[in-house]
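To be precise, the following lines are entry-v2.cif, and they hold mmCIF, C-alpha atoms.
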data_final
#
loop_
_atom_site.label_atom_id
_atom_site.label_comp_id
_atom_site.auth_asym_id
_atom_site.auth_seq_id
_atom_site.Cartn_x
_atom_site.Cartn_y
_atom_site.Cartn_z
CA MET A 1 124.90 130.27 102.87
CA ALA A 2 121.65 131.14 104.46
CA ARG A 3 118.86 128.88 103.48
CA PRO A 4 116.13 130.82 101.71
CA VAL A 5 112.94 130.73 103.67
CA ARG A 6 110.00 130.69 101.35
CA PHE A 7 107.28 129.45 103.61
CA ASN A 8 104.83 131.55 105.58
CA VAL A 9 106.58 134.82 104.83
CA ASN A 10 103.19 136.39 104.39
CA PRO A 11 101.07 134.82 107.08
CA LYS A 12 97.34 135.24 106.75
CA ASP A 13 95.55 137.53 109.09
CA PHE A 14 93.38 135.17 111.07
CA THR A 15 90.68 137.30 112.51
CA ASP A 16 89.07 134.55 114.54
CA ARG A 17 91.86 133.29 116.79
CA GLY A 18 93.86 131.46 114.16
CA ILE A 19 91.09 129.15 113.02
CA ASN A 20 91.19 128.74 109.28
CA GLN A 21 87.73 128.81 107.81
CA VAL A 22 86.63 127.67 104.39
CA GLU A 23 85.04 130.24 102.18
CA LEU A 24 81.26 130.45 102.08
CA PRO A 25 79.68 128.96 99.01
CA ASP A 26 77.55 131.13 96.75
CA GLY A 27 74.18 131.88 98.29
CA HIS A 28 71.86 134.44 99.72
CA MET A 29 72.52 135.86 103.12
CA GLY A 30 70.38 138.03 105.25
CA GLU A 31 69.84 138.74 108.87
CA GLY A 32 69.81 135.36 110.63
CA PHE A 33 69.76 133.18 107.56
CA PHE A 34 71.95 131.87 104.78
CA ALA A 35 70.51 130.05 101.82
CA THR A 36 72.51 127.98 99.36
CA SER A 37 72.06 124.77 97.48
CA PHE A 38 72.28 121.54 99.38
CA ASP A 39 74.99 119.86 97.34
CA LYS A 40 77.33 122.81 97.89
CA VAL A 41 77.06 122.35 101.64
CA VAL A 42 77.44 118.60 101.37
CA GLY A 43 80.41 119.00 99.06
CA LEU A 44 81.99 121.45 101.45
CA ALA A 45 81.54 119.12 104.39
CA ARG A 46 82.77 116.07 102.54
CA LYS A 47 85.80 117.64 101.00
CA ASN A 48 87.20 118.90 104.28
CA SER A 49 86.79 115.67 106.17
CA ILE A 50 88.04 112.95 103.86
CA TRP A 51 88.87 109.71 105.62
CA PRO A 52 91.66 108.10 103.63
CA LEU A 53 92.19 104.36 103.57
CA PRO A 54 95.87 103.74 102.89
CA PHE A 55 96.53 100.63 100.82
CA ALA A 56 100.31 100.79 100.92
CA THR A 57 102.33 97.97 99.45
CA SER A 58 105.75 99.49 98.82
CA CYS A 59 107.89 102.61 98.69
CA CYS A 60 105.03 104.99 97.84
CA GLY A 61 103.60 103.96 101.21
CA ILE A 62 106.74 105.32 102.87
CA GLU A 63 106.16 108.64 101.13
CA PHE A 64 102.59 108.54 102.38
CA MET A 65 103.87 108.08 105.93
CA ALA A 66 105.95 111.20 105.44
CA THR A 67 102.85 112.93 104.09
CA MET A 68 100.92 112.04 107.22
CA GLY A 69 103.79 113.04 109.47
CA SER A 70 104.26 116.37 111.16
CA HIS A 71 106.40 117.92 108.44
CA TYR A 72 103.94 117.68 105.55
CA ASP A 73 100.90 117.02 107.72
CA LEU A 74 97.94 115.96 105.66
CA ALA A 75 95.79 116.89 108.68
CA ARG A 76 95.96 120.48 107.47
CA PHE A 77 93.54 119.42 104.75
CA GLY A 78 91.10 117.66 107.03
CA SER A 79 92.37 114.17 106.30
CA GLU A 80 94.18 113.30 109.47
CA ARG A 81 91.79 110.52 110.36
CA VAL A 82 93.24 107.55 108.53
CA GLY A 83 90.77 104.71 108.70
CA PHE A 84 91.85 101.13 108.47
CA SER A 85 88.43 99.77 107.76
CA PRO A 86 87.15 100.25 104.23
CA ARG A 87 83.61 100.52 105.52
CA GLN A 88 84.38 103.82 107.23
CA CYS A 89 86.50 105.46 104.56
CA ASP A 90 85.85 107.73 101.60
CA LEU A 91 89.16 107.69 99.79
CA LEU A 92 91.06 104.58 98.80
CA MET A 93 94.71 105.48 98.35
CA VAL A 94 96.53 102.69 96.56
CA MET A 95 100.25 103.19 96.96
CA GLY A 96 102.68 100.76 95.48
CA THR A 97 103.00 97.82 93.15
CA ILE A 98 99.87 95.71 92.94
CA ALA A 99 100.63 92.18 91.85
CA LYS A 100 97.98 90.41 89.83
CA LYS A 101 97.36 88.19 92.79
CA MET A 102 96.65 91.31 94.88
CA GLY A 103 94.18 92.67 92.29
CA PRO A 104 91.11 90.90 93.72
CA VAL A 105 92.06 92.19 97.18
CA VAL A 106 92.09 95.80 95.99
CA ARG A 107 88.76 95.18 94.33
CA GLN A 108 87.33 93.63 97.48
CA VAL A 109 88.44 96.60 99.55
CA TYR A 110 86.84 98.93 97.02
CA LEU A 111 83.59 96.96 97.10
CA GLN A 112 83.50 97.16 100.89
CA MET A 113 83.64 100.95 100.84
CA ALA A 114 80.34 102.74 100.98
CA GLU A 115 79.31 105.29 98.36
CA PRO A 116 80.39 107.96 97.80
CA ARG A 117 83.93 106.68 97.40
CA TRP A 118 86.98 107.96 95.62
CA VAL A 119 90.16 106.24 94.52
CA MET A 120 93.61 107.70 94.16
CA ALA A 121 96.43 105.79 92.46
CA VAL A 122 99.68 107.01 93.99
CA GLY A 123 102.89 106.39 92.10
CA ALA A 124 103.86 104.88 88.80
CA CYS A 125 103.15 101.28 89.79
CA ALA A 126 99.60 101.82 90.97
CA SER A 127 98.93 104.05 87.95
CA SER A 128 100.42 101.94 85.17
CA GLY A 129 102.52 99.10 86.51
CA GLY A 130 105.55 101.38 86.42
CA ILE A 131 108.85 99.68 85.76
CA PHE A 132 107.29 96.31 86.50
CA ASP A 133 106.22 95.47 82.98
CA THR A 134 105.99 91.81 83.81
CA TYR A 135 103.59 88.89 83.82
CA SER A 136 102.96 89.02 87.56
CA VAL A 137 102.14 92.71 88.05
CA LEU A 138 98.84 94.45 87.43
CA GLN A 139 99.42 97.14 84.81
CA GLY A 140 97.63 99.86 86.74
CA ILE A 141 94.87 99.47 89.29
CA ASP A 142 92.38 100.97 86.84
CA GLN A 143 92.13 97.46 85.45
CA VAL A 144 90.21 96.41 88.55
CA VAL A 145 88.72 99.58 90.10
CA PRO A 146 87.82 103.00 88.67
CA VAL A 147 90.41 105.64 89.59
CA ASP A 148 89.69 109.34 90.16
CA VAL A 149 93.16 110.81 90.50
CA TYR A 150 96.55 109.52 89.40
CA VAL A 151 99.67 110.82 91.13
CA PRO A 152 102.78 110.30 89.01
CA GLY A 153 106.23 109.73 90.42
CA CYS A 154 108.44 106.88 91.43
CA PRO A 155 107.80 107.42 94.27
CA PRO A 156 106.00 110.78 94.27
CA ARG A 157 107.15 113.31 96.82
CA PRO A 158 104.76 114.16 99.67
CA GLU A 159 103.99 117.44 97.91
CA ALA A 160 102.71 115.46 94.95
CA ILE A 161 100.56 113.27 97.17
CA ILE A 162 99.12 116.39 98.83
CA ASP A 163 98.48 117.81 95.38
CA GLY A 164 96.59 114.62 94.54
CA VAL A 165 94.51 114.96 97.71
CA LEU A 166 93.71 118.55 96.75
CA LYS A 167 92.60 117.33 93.33
CA ILE A 168 90.35 114.79 95.06
CA GLN A 169 88.99 117.62 97.22
CA ASP A 170 88.20 119.57 94.06
CA LEU A 171 86.33 116.58 92.66
CA ILE A 172 84.40 116.10 95.88
CA HIS A 173 83.60 119.78 96.17
CA ASN A 174 82.21 120.05 92.67
CA GLU A 175 80.51 116.70 92.48
CA SER A 176 76.79 116.76 91.89
CA LEU A 177 74.75 114.86 94.43
CA ARG A 178 73.10 113.07 91.53
CA ARG A 179 76.34 111.84 89.96
CA ARG A 180 76.36 108.50 91.76
CA HIS A 181 72.84 107.79 90.48
CA SER A 182 73.56 108.77 86.89
CA ASN A 183 73.57 106.26 84.08
CA GLN A 184 77.06 107.34 83.15
CA TYR A 185 78.37 106.36 86.58
CA LYS A 186 76.45 103.09 86.54
CA ASN A 187 77.88 102.29 83.13
CA LEU A 188 81.36 103.05 84.41
CA LEU A 189 80.94 100.61 87.28
CA GLU A 190 79.36 98.13 84.88
CA THR A 191 82.59 98.06 82.87
CA TYR A 192 84.33 96.88 86.04
CA GLY A 193 81.60 94.36 86.75
CA ILE A 194 80.43 96.21 89.87
CA GLN A 195 76.70 96.75 90.47
CA MET B 1 135.61 69.18 109.06
CA PRO B 2 133.88 69.42 105.68
CA ILE B 3 133.21 66.09 104.07
CA SER B 4 135.69 65.54 101.25
CA ALA B 5 134.40 65.47 97.70
CA ASP B 6 136.16 62.16 97.15
CA HIS B 7 134.24 60.56 100.01
CA ILE B 8 130.90 61.77 98.67
CA LYS B 9 131.75 60.56 95.17
CA GLU B 10 132.91 57.18 96.44
CA LYS B 11 129.78 56.62 98.52
CA LEU B 12 127.36 57.67 95.79
CA ASN B 13 129.17 55.84 93.01
CA ALA B 14 129.17 52.67 95.07
CA GLN B 15 125.46 52.99 95.79
CA PHE B 16 124.06 54.20 92.49
CA GLY B 17 126.71 53.49 89.84
CA ASP B 18 125.11 54.07 86.45
CA GLY B 19 122.35 56.26 87.83
CA ILE B 20 124.86 59.08 88.22
CA ILE B 21 125.27 60.92 84.95
CA SER B 22 128.04 63.39 85.72
CA TRP B 23 130.02 65.14 88.44
CA ASP B 24 131.06 68.76 88.50
CA ASP B 25 133.62 69.79 91.10
CA ALA B 26 134.98 72.77 89.20
CA SER B 27 133.01 75.27 91.25
CA ASP B 28 132.96 75.78 95.00
CA ILE B 29 130.03 73.47 95.64
CA LEU B 30 130.24 69.90 94.47
CA ALA B 31 127.48 69.12 91.99
CA LEU B 32 126.18 65.98 90.39
CA GLU B 33 123.56 65.11 87.86
CA VAL B 34 121.59 61.94 88.32
CA ASN B 35 118.97 60.05 86.43
CA PRO B 36 115.56 61.63 87.18
CA SER B 37 114.08 58.28 88.13
CA ILE B 38 116.35 58.01 91.19
CA ASN B 39 116.26 61.59 92.48
CA LEU B 40 114.40 60.66 95.63
CA LYS B 41 116.56 57.61 96.27
CA VAL B 42 119.70 59.74 96.04
CA LEU B 43 118.24 62.39 98.35
CA THR B 44 117.21 59.72 100.85
CA PHE B 45 120.65 58.14 100.72
CA LEU B 46 122.34 61.52 101.21
CA HIS B 47 120.00 62.15 104.15
CA ASP B 48 120.26 58.78 105.88
CA GLU B 49 123.84 57.63 105.28
CA PRO B 50 125.66 58.41 108.58
CA THR B 51 128.89 59.66 107.00
CA LEU B 52 127.04 62.00 104.61
CA GLY B 53 124.09 63.39 106.59
CA PHE B 54 122.78 66.01 104.16
CA GLN B 55 119.71 66.63 106.26
CA PHE B 56 118.83 70.19 105.34
CA LEU B 57 117.26 71.22 102.05
CA THR B 58 118.55 74.74 101.42
CA ASP B 59 116.89 75.27 98.10
CA LEU B 60 114.96 73.58 95.36
CA THR B 61 114.34 75.27 92.07
CA GLY B 62 113.88 74.73 88.39
CA VAL B 63 115.73 75.83 85.28
CA HIS B 64 114.88 75.74 81.60
CA TYR B 65 117.43 75.04 78.86
CA PRO B 66 115.40 75.04 75.63
CA ASP B 67 118.36 73.85 73.52
CA GLN B 68 119.07 70.72 75.53
CA SER B 69 116.89 68.31 73.61
CA ASN B 70 115.00 65.81 75.73
CA LYS B 71 116.54 67.34 78.89
CA GLU B 72 115.00 70.79 78.71
CA LEU B 73 113.79 71.22 82.26
CA GLY B 74 116.05 70.87 85.24
CA VAL B 75 115.39 70.56 88.95
CA VAL B 76 118.21 71.64 91.23
CA TYR B 77 118.39 70.62 94.88
CA HIS B 78 120.81 72.30 97.27
CA VAL B 79 121.38 70.15 100.34
CA HIS B 80 123.45 71.04 103.35
CA ASN B 81 125.11 69.03 106.09
CA LEU B 82 124.79 71.51 108.94
CA LYS B 83 127.04 69.53 111.26
CA GLU B 84 130.03 69.35 108.94
CA ASN B 85 129.06 72.52 107.03
CA THR B 86 129.21 70.84 103.65
CA ARG B 87 126.98 71.64 100.73
CA LEU B 88 126.02 69.66 97.67
CA ARG B 89 124.03 70.37 94.54
CA LEU B 90 121.94 67.68 92.95
CA LYS B 91 120.48 68.14 89.49
CA ILE B 92 118.06 66.17 87.42
CA PHE B 93 116.91 66.94 83.89
CA VAL B 94 113.57 65.88 82.47
CA PRO B 95 112.03 66.24 78.97
CA ILE B 96 109.59 69.14 78.57
CA GLU B 97 106.92 66.85 77.12
CA LYS B 98 106.84 64.74 80.25
CA PRO B 99 108.33 66.74 83.13
CA ASP B 100 107.93 64.18 85.89
CA ALA B 101 110.02 64.01 89.04
CA PHE B 102 109.45 62.37 92.39
CA THR B 103 108.52 64.64 95.25
CA ALA B 104 110.85 65.16 98.20
CA THR B 105 108.08 66.25 100.58
CA GLY B 106 108.21 62.93 102.43
CA LEU B 107 111.85 63.56 103.24
CA PHE B 108 111.90 67.33 103.69
CA SER B 109 108.68 69.10 104.71
CA GLY B 110 110.25 72.32 103.45
CA ALA B 111 110.16 70.93 99.94
CA ASN B 112 106.38 71.34 99.87
CA TRP B 113 106.25 75.03 98.99
CA MET B 114 109.44 74.96 96.95
CA GLU B 115 108.07 72.19 94.76
CA ARG B 116 104.81 74.06 94.35
CA GLU B 117 106.79 77.10 93.30
CA THR B 118 108.83 75.05 90.83
CA PHE B 119 105.61 73.61 89.45
CA ASP B 120 104.12 77.10 89.26
CA PHE B 121 106.98 78.62 87.30
CA PHE B 122 108.34 75.67 85.29
CA GLY B 123 105.51 73.15 85.23
CA ILE B 124 107.49 70.30 86.70
CA ASN B 125 105.12 67.58 87.81
CA PHE B 126 106.21 66.31 91.22
CA ILE B 127 104.75 62.85 91.52
CA GLY B 128 103.33 62.22 94.99
CA HIS B 129 103.17 65.86 96.07
CA PRO B 130 100.22 66.29 98.47
CA ASN B 131 99.04 69.64 97.08
CA LEU B 132 100.59 70.44 93.74
CA LYS B 133 98.97 73.71 92.71
CA ARG B 134 100.12 77.26 92.07
CA VAL B 135 101.51 79.11 95.06
CA LEU B 136 102.81 82.50 93.88
CA ASN B 137 100.99 83.28 90.65
CA VAL B 138 97.29 83.82 90.17
CA ASP B 139 95.29 80.63 89.98
CA GLU B 140 93.86 81.59 86.58
CA MET B 141 97.29 81.67 84.95
CA ASP B 142 97.35 79.04 82.21
CA TYR B 143 101.07 78.76 81.52
CA HIS B 144 104.36 78.43 83.37
CA PRO B 145 105.89 81.90 83.09
CA LEU B 146 109.59 81.18 83.58
CA ARG B 147 109.79 78.83 80.62
CA LYS B 148 111.84 80.55 77.94
CA GLU B 149 109.18 80.54 75.24
CA TYR B 150 107.08 83.05 77.19
CA PRO B 151 108.05 86.73 77.16
CA LEU B 152 108.68 88.46 80.45
CA GLU B 153 106.52 91.48 79.68
CA ASP B 154 102.84 91.66 80.45
CA GLN B 155 101.02 90.89 77.21
CA THR B 156 97.89 92.89 78.05
CA ARG B 157 99.64 96.22 77.54
CA ILE B 158 99.07 97.96 74.24
CA ASP B 159 100.71 101.29 75.01
CA LYS B 160 104.31 100.08 75.08
CA ASP B 161 104.59 98.94 71.49
CA ASP B 162 107.06 101.40 70.03
CA GLU B 163 110.77 100.87 69.53
CA MET B 164 111.61 102.53 72.84
CA PHE B 165 110.28 99.54 74.73
CA GLY B 166 111.65 96.89 72.40
CA ARG B 167 108.41 95.25 71.47
#
Represent the supplied structure as structure tokens.
Amino acid sequence: MARPVRFNVNPKDFTDRGINQVELPDGHMGEGFFATSFDKVVGLARKNSIWPLPFATSCCGIEFMATMGSHYDLARFGSERVGFSPRQCDLLMVMGTIAKKMGPVVRQVYLQMAEPRWVMAVGACASSGGIFDTYSVLQGIDQVVPVDVYVPGCPPRPEAIIDGVLKIQDLIHNESLRRRHSNQYKNLLETYGIQ
Amino acid sequence: MPISADHIKEKLNAQFGDGIISWDDASDILALEVNPSINLKVLTFLHDEPTLGFQFLTDLTGVHYPDQSNKELGVVYHVHNLKENTRLRLKIFVPIEKPDAFTATGLFSGANWMERETFDFFGINFIGHPNLKRVLNVDEMDYHPLRKEYPLEDQTRIDKDDEMFGR
């Protein structure tokens, strides 16, 4: 039986030599100028060049490797540059079971990241402890760091991880430049004991 | 040639006599229970006696039998004679109120971590251990999690309290 092909049956018409461009934000355009608000431009730039920091401890990390590989190719979304130093990265991706003894390490990595920073909990274990309802396992990394996006699954398929990255992109795109200075954000960090 | 069980029994009985509480040769590995006060002496004898030569400590772990009054906590040593390919299990049982046993770190360096682990999970106090502190669990943990009175599940969770999760 022929395998149904459902991908790229209606390829886009790339007018400019196959380079995919993001859509222009709302603004005023005239001859030789384009005016829009600053945070829209910043959001646009940030969201399409996320540097993920993979914190992979178990099988979800294997799915992440598949996500970064040629078949699923997270690079299509501007995130091909995986950084292994928290100081350079924007997105902490925690993938896998975090034991309670590992909790302070996750926290330390989060503290070393510069603002603005986002956190994605990939898989059931990072989100809630998963099947490991036991004395030694952290019941979700949101006990030690604030989490922006949770990806369910045990482990989640690469499509789900990509969906999570797109959700992060949405958050980044629509985030106000003032959010990180707001009292609400400071109070959130305060609940985790982070200044 | 594996060392015969009779030879091991004969040697140990001659050396320790009353210190040996029981023998169990029903299973594939010969096992004996000894008085906890002589655990190190027995291990040293098994190690040094030329015809025994149990010079490799395969495993050291703990076990908790809450119903065995005054002998609740056990320490199990698996020793191996690599030359003759013979194995032996040595058990001691100590009361939970005073879980003291002598350390084997002087004899086997590999006992260091295994005794720390046994202390971590069962709270057995190895007298003479150079660094008896938790090795696998978080340092802040204030109990010994593999003792039977403590539930397996994480007690900080409040969302798994319905009948589907058996709480």
Could you name the residues that touch Thr67 of chain A at 9 Å or less, counting all atoms listed in the file, but leaving out those on the same chain fewer than 2 positions away, as a ChimeraX atom specification? /A:62-65,69-74,157-159,161-162
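Take atom CA of Glu115 of chain B and atom CA of Ser69 of chain B: the distance between them is 23.2 Å.
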For each of A:Ile131, A:Val42, A:Val106, A:Met95, take the minimum atom-to-atom distance to chain B, counting all atoms listed in the file, then give the residue where this is smallest. A:Ile131
Could you build a table of the residues in segment 103-137 of chain B lying no more than 12 Å from segment 91-96 of chain B, giving for each the nearest pair of atoms and their separation in Å rounded to one decimal place, using all atoms listed in the file, ordered by chain and ascending residue number, as JSON lines?
{"residue": "B:Phe122", "atom": "CA", "partner": "B:Ile96", "partner_atom": "CA", "distance": 9.5}
{"residue": "B:Gly123", "atom": "CA", "partner": "B:Ile96", "partner_atom": "CA", "distance": 8.8}
{"residue": "B:Ile124", "atom": "CA", "partner": "B:Ile96", "partner_atom": "CA", "distance": 8.5}
{"residue": "B:Asn125", "atom": "CA", "partner": "B:Val94", "partner_atom": "CA", "distance": 10.1}
{"residue": "B:Phe126", "atom": "CA", "partner": "B:Val94", "partner_atom": "CA", "distance": 11.4}
Would you translate the PyMOL selection byres ((chain B) within 6 of (chain A)) into the concrete set of residues it matches in this file, as a PDB file with C-alpha atoms, in the coordinates of the input?
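Output (result-v3.pdb):
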ATOM      1  CA  VAL B 138      97.290  83.820  90.170  1.00  0.00           C
ATOM      2  CA  LEU B 152     108.680  88.460  80.450  1.00  0.00           C
ATOM      3  CA  GLU B 153     106.520  91.480  79.680  1.00  0.00           C
ATOM      4  CA  ASP B 154     102.840  91.660  80.450  1.00  0.00           C
TER       5      ASP B 154
END
Residue nearest Phe102 of chain B - candidates B:Gly128, B:Gly53, B:Gly74, B:Pro2, atoms counted: only C-alpha atoms: B:Gly128
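If only C-alpha atoms are the atoms counted, then among A:Phe38, A:Tyr192, A:Trp118, A:Tyr150 the closest residue to Arg180 of chain A is A:Trp118.
Atom CA of Val82 of chain A to atom CA of Trp51 of chain A spans 5.7 Å [interatomic distance, one decimal].
In terms of minimum interatomic distance to Gly123 of chain A, A:Ile98 ranks closest within A:Leu177, A:Ile50, A:Val22, A:Ile98, counting all atoms listed in the file.
Using only C-alpha atoms, the set of residues no farther than 7 Å from the position (89.0, 116.6, 98.8) comprises A:Lys47, A:Asn48, A:Ile50, A:Val165, A:Leu166, A:Lys167, A:Ile168, A:Gln169, A:Asp170, A:Leu171, A:Ile172, A:His173.
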Selection: 12 Å around segment 20-36 of chain B, only C-alpha atoms, excl. self and same-chain fewer than 4 positions, as an NGL selection string: :B and (2-16 or 40-43 or 71 or 73-80 or 85-95 or 98-103 or 124 or 126-127)
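For the pair atom CA of Val119 of chain A and atom CA of Leu92 of chain A, the interatomic distance is 4.7 Å.
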Around the point (90.2, 105.5, 95.4) (coordinates from the file), which residues reach within 9 Å if we count all atoms listed in the file? Answer as an mmCIF file with C-alpha atoms, in the coordinates of the input.
data_model
loop_
_atom_site.group_PDB
_atom_site.id
_atom_site.type_symbol
_atom_site.label_atom_id
_atom_site.label_comp_id
_atom_site.auth_asym_id
_atom_site.auth_seq_id
_atom_site.Cartn_x
_atom_site.Cartn_y
_atom_site.Cartn_z
ATOM 1 C CA PRO A 52 91.660 108.100 103.630
ATOM 2 C CA LEU A 53 92.190 104.360 103.570
ATOM 3 C CA ASP A 90 85.850 107.730 101.600
ATOM 4 C CA LEU A 91 89.160 107.690 99.790
ATOM 5 C CA LEU A 92 91.060 104.580 98.800
ATOM 6 C CA MET A 93 94.710 105.480 98.350
ATOM 7 C CA VAL A 94 96.530 102.690 96.560
ATOM 8 C CA TYR A 110 86.840 98.930 97.020
ATOM 9 C CA ARG A 117 83.930 106.680 97.400
ATOM 10 C CA TRP A 118 86.980 107.960 95.620
ATOM 11 C CA VAL A 119 90.160 106.240 94.520
ATOM 12 C CA MET A 120 93.610 107.700 94.160
ATOM 13 C CA ALA A 121 96.430 105.790 92.460
ATOM 14 C CA VAL A 145 88.720 99.580 90.100
ATOM 15 C CA PRO A 146 87.820 103.000 88.670
ATOM 16 C CA VAL A 147 90.410 105.640 89.590
ATOM 17 C CA ASP A 148 89.690 109.340 90.160
ATOM 18 C CA VAL A 149 93.160 110.810 90.500
#
Would you write out, as a count of residues only, every residue that the PyMOL selection byres ((chain B and resi 106-112) around 8) captures in this file? 12
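Using only C-alpha atoms, the nearest neighbour of Cys154 of chain A within the list A:Ser127, A:Leu24, A:Pro104, A:Leu188 is A:Ser127.
Taking only C-alpha atoms into account, Tyr143 of chain B lies nearest to B:Phe119 out of the set B:Phe119, B:Met1, B:Asp159, B:Asn131.
The environment of Gly96 of chain A within 8 Å, counting all atoms listed in the file and disregarding residues fewer than 4 places along the same chain, consists of A:Ala56, A:Thr57, A:Ser58, A:Cys59, A:Cys60, A:Gly61, A:Val122, A:Gly123, A:Ala124, A:Cys125, A:Ala126.
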